[in-house]
Amino acid sequence: MGDEQQLPPEHGIVSARMRGAMSIDGSFERLYRMYAPVVIGWLALRVEPHAVDDLMQDVWTVFYGRWRSWQQPAELDMPEARPVLSFLFRTVHLATKAHRRASRVHEQIEEHDLTDERTMPDRLIEGLTVARCLDFAKTHCGEEDVAILTGKLAGIAAKEIARTLEISESAVDHRYRNTLEYLRQHLQPAESGGIR
């Protein structure tokens, strides 16, 4: 299997856009179709249901503005890098913070460094689906812990999560491990009785 096959799908879209082989709008539409379910999931975990649609529009409006002037990030040479997904994660975080302040996103979202390695956990908790686990986390864990959990599950680097949440990388890793341990202690497979 060649390196091309191991690259995340966003690499092909970004590369085609940068070479002029795909239009800004066409490439944006493909990225939207790819990542809209992820963005909706992140928003649904962080805000009330009636606000999701408006914030979804805000996130993609901010991304479209950046996409029109997107520069080829050097880290795209690294197979694990997902700068578009990381940008969307940061934008969701800022949009939800702005929503809580009852304002719209006006902040300039700066380009960010994605040199950290990214790993997707092979499994979150044995015998549990990620959706069930996240549903429990949403009501039993702190907001930032849920953000860390969802970011890590999506493959966002600890460095990027730390920058977005304005905490240290070691805090991200520590809180991620603690959240997983908390969930392991409070959840059990459905066939043995469900949530304790």
# chains A, B, ... in the order shown; residues from 1 in each chain; ligands from 1
>>> closest_atom_pairs(of="segment 34-77 of chain A", to="segment 131-140 of chain A", cutoff="12 Å", atoms="only C-alpha atoms", output="tab-separated table")
residue	atom	partner	partner_atom	distance
A:Gly41	CA	A:Ala131	CA	9.8
A:Trp42	CA	A:Leu134	CA	10.3
A:Leu43	CA	A:Lys138	CA	11.5
A:Ala44	CA	A:Lys138	CA	9.7
A:Leu45	CA	A:Lys138	CA	6.3
A:Arg46	CA	A:Lys138	CA	7.9
A:Val47	CA	A:Lys138	CA	10.3
A:Glu48	CA	A:Lys138	CA	11.6
>>> write_last_selection(atoms="N, CA and C atoms", output="PDB file, in the first residue's frame")
ATOM      1  N   GLY A  41     -21.944  16.837  15.066  1.00  0.00           N
ATOM      2  CA  GLY A  41     -21.754  16.055  16.293  1.00  0.00           C
ATOM      3  C   GLY A  41     -21.077  16.853  17.383  1.00  0.00           C
ATOM      4  N   TRP A  42     -20.012  17.585  17.014  1.00  0.00           N
ATOM      5  CA  TRP A  42     -19.329  18.421  18.007  1.00  0.00           C
ATOM      6  C   TRP A  42     -20.271  19.457  18.578  1.00  0.00           C
ATOM      7  N   LEU A  43     -21.049  20.111  17.722  1.00  0.00           N
ATOM      8  CA  LEU A  43     -21.968  21.150  18.191  1.00  0.00           C
ATOM      9  C   LEU A  43     -23.075  20.562  19.054  1.00  0.00           C
ATOM     10  N   ALA A  44     -23.622  19.433  18.641  1.00  0.00           N
ATOM     11  CA  ALA A  44     -24.715  18.802  19.386  1.00  0.00           C
ATOM     12  C   ALA A  44     -24.292  18.429  20.796  1.00  0.00           C
ATOM     13  N   LEU A  45     -23.017  18.127  20.979  1.00  0.00           N
ATOM     14  CA  LEU A  45     -22.522  17.793  22.306  1.00  0.00           C
ATOM     15  C   LEU A  45     -22.289  19.018  23.182  1.00  0.00           C
ATOM     16  N   ARG A  46     -22.230  20.207  22.556  1.00  0.00           N
ATOM     17  CA  ARG A  46     -21.823  21.382  23.315  1.00  0.00           C
ATOM     18  C   ARG A  46     -22.887  22.449  23.482  1.00  0.00           C
ATOM     19  N   VAL A  47     -23.925  22.435  22.639  1.00  0.00           N
ATOM     20  CA  VAL A  47     -24.953  23.478  22.752  1.00  0.00           C
ATOM     21  C   VAL A  47     -26.338  22.853  22.706  1.00  0.00           C
ATOM     22  N   GLU A  48     -27.324  23.640  23.055  1.00  0.00           N
ATOM     23  CA  GLU A  48     -28.699  23.165  23.036  1.00  0.00           C
ATOM     24  C   GLU A  48     -29.131  22.903  21.587  1.00  0.00           C
TER      25      GLU A  48
END
>>> closest_residue(among="A:His50, A:Arg68, A:Val59, A:Pro8", to="Ser23 of chain A", atoms="only C-alpha atoms")
A:Arg68
>>> closest_residue(among="A:Leu153, A:Ile24, A:Ile148, A:Val84", to="His174 of chain A", atoms="only C-alpha atoms")
A:Ile148
>>> closest_residue(among="A:Ala162, A:Leu55, A:Pro9, A:Asp25", to="Arg100 of chain A", atoms="only C-alpha atoms")
A:Leu55
>>> closest_residue(among="A:Ser86, A:Leu31, A:Lys97, A:Gln185", to="Lys159 of chain A", atoms="only C-alpha atoms")
A:Ser86
>>> atom_distance(atom1="atom CA of Met56 of chain A", atom2="atom CA of Gln71 of chain A")
23.5 Å
>>> decode(residues="segment 34-45 of chain A", atoms="N, CA and C atoms", output="compact mmCIF listing (two decimals), in the first residue's frame")
# COMPACT_ATOMS: atom_id res chain seq x y z
N MET A 34 -17.82 15.97 3.59
CA MET A 34 -16.97 15.07 4.37
C MET A 34 -17.08 15.35 5.87
N TYR A 35 -17.04 16.63 6.25
CA TYR A 35 -16.91 16.98 7.67
C TYR A 35 -18.17 17.53 8.32
N ALA A 36 -19.23 17.77 7.58
CA ALA A 36 -20.46 18.30 8.19
C ALA A 36 -20.98 17.40 9.32
N PRO A 37 -21.01 16.06 9.13
CA PRO A 37 -21.50 15.22 10.24
C PRO A 37 -20.64 15.34 11.50
N VAL A 38 -19.33 15.51 11.32
CA VAL A 38 -18.43 15.65 12.48
C VAL A 38 -18.72 16.97 13.20
N VAL A 39 -18.86 18.05 12.42
CA VAL A 39 -19.12 19.36 13.01
C VAL A 39 -20.47 19.37 13.73
N ILE A 40 -21.48 18.79 13.12
CA ILE A 40 -22.79 18.70 13.77
C ILE A 40 -22.68 17.93 15.09
N GLY A 41 -21.94 16.84 15.07
CA GLY A 41 -21.75 16.06 16.29
C GLY A 41 -21.08 16.85 17.38
N TRP A 42 -20.01 17.58 17.01
CA TRP A 42 -19.33 18.42 18.01
C TRP A 42 -20.27 19.46 18.58
N LEU A 43 -21.05 20.11 17.72
CA LEU A 43 -21.97 21.15 18.19
C LEU A 43 -23.08 20.56 19.05
N ALA A 44 -23.62 19.43 18.64
CA ALA A 44 -24.71 18.80 19.39
C ALA A 44 -24.29 18.43 20.80
N LEU A 45 -23.02 18.13 20.98
CA LEU A 45 -22.52 17.79 22.31
C LEU A 45 -22.29 19.02 23.18
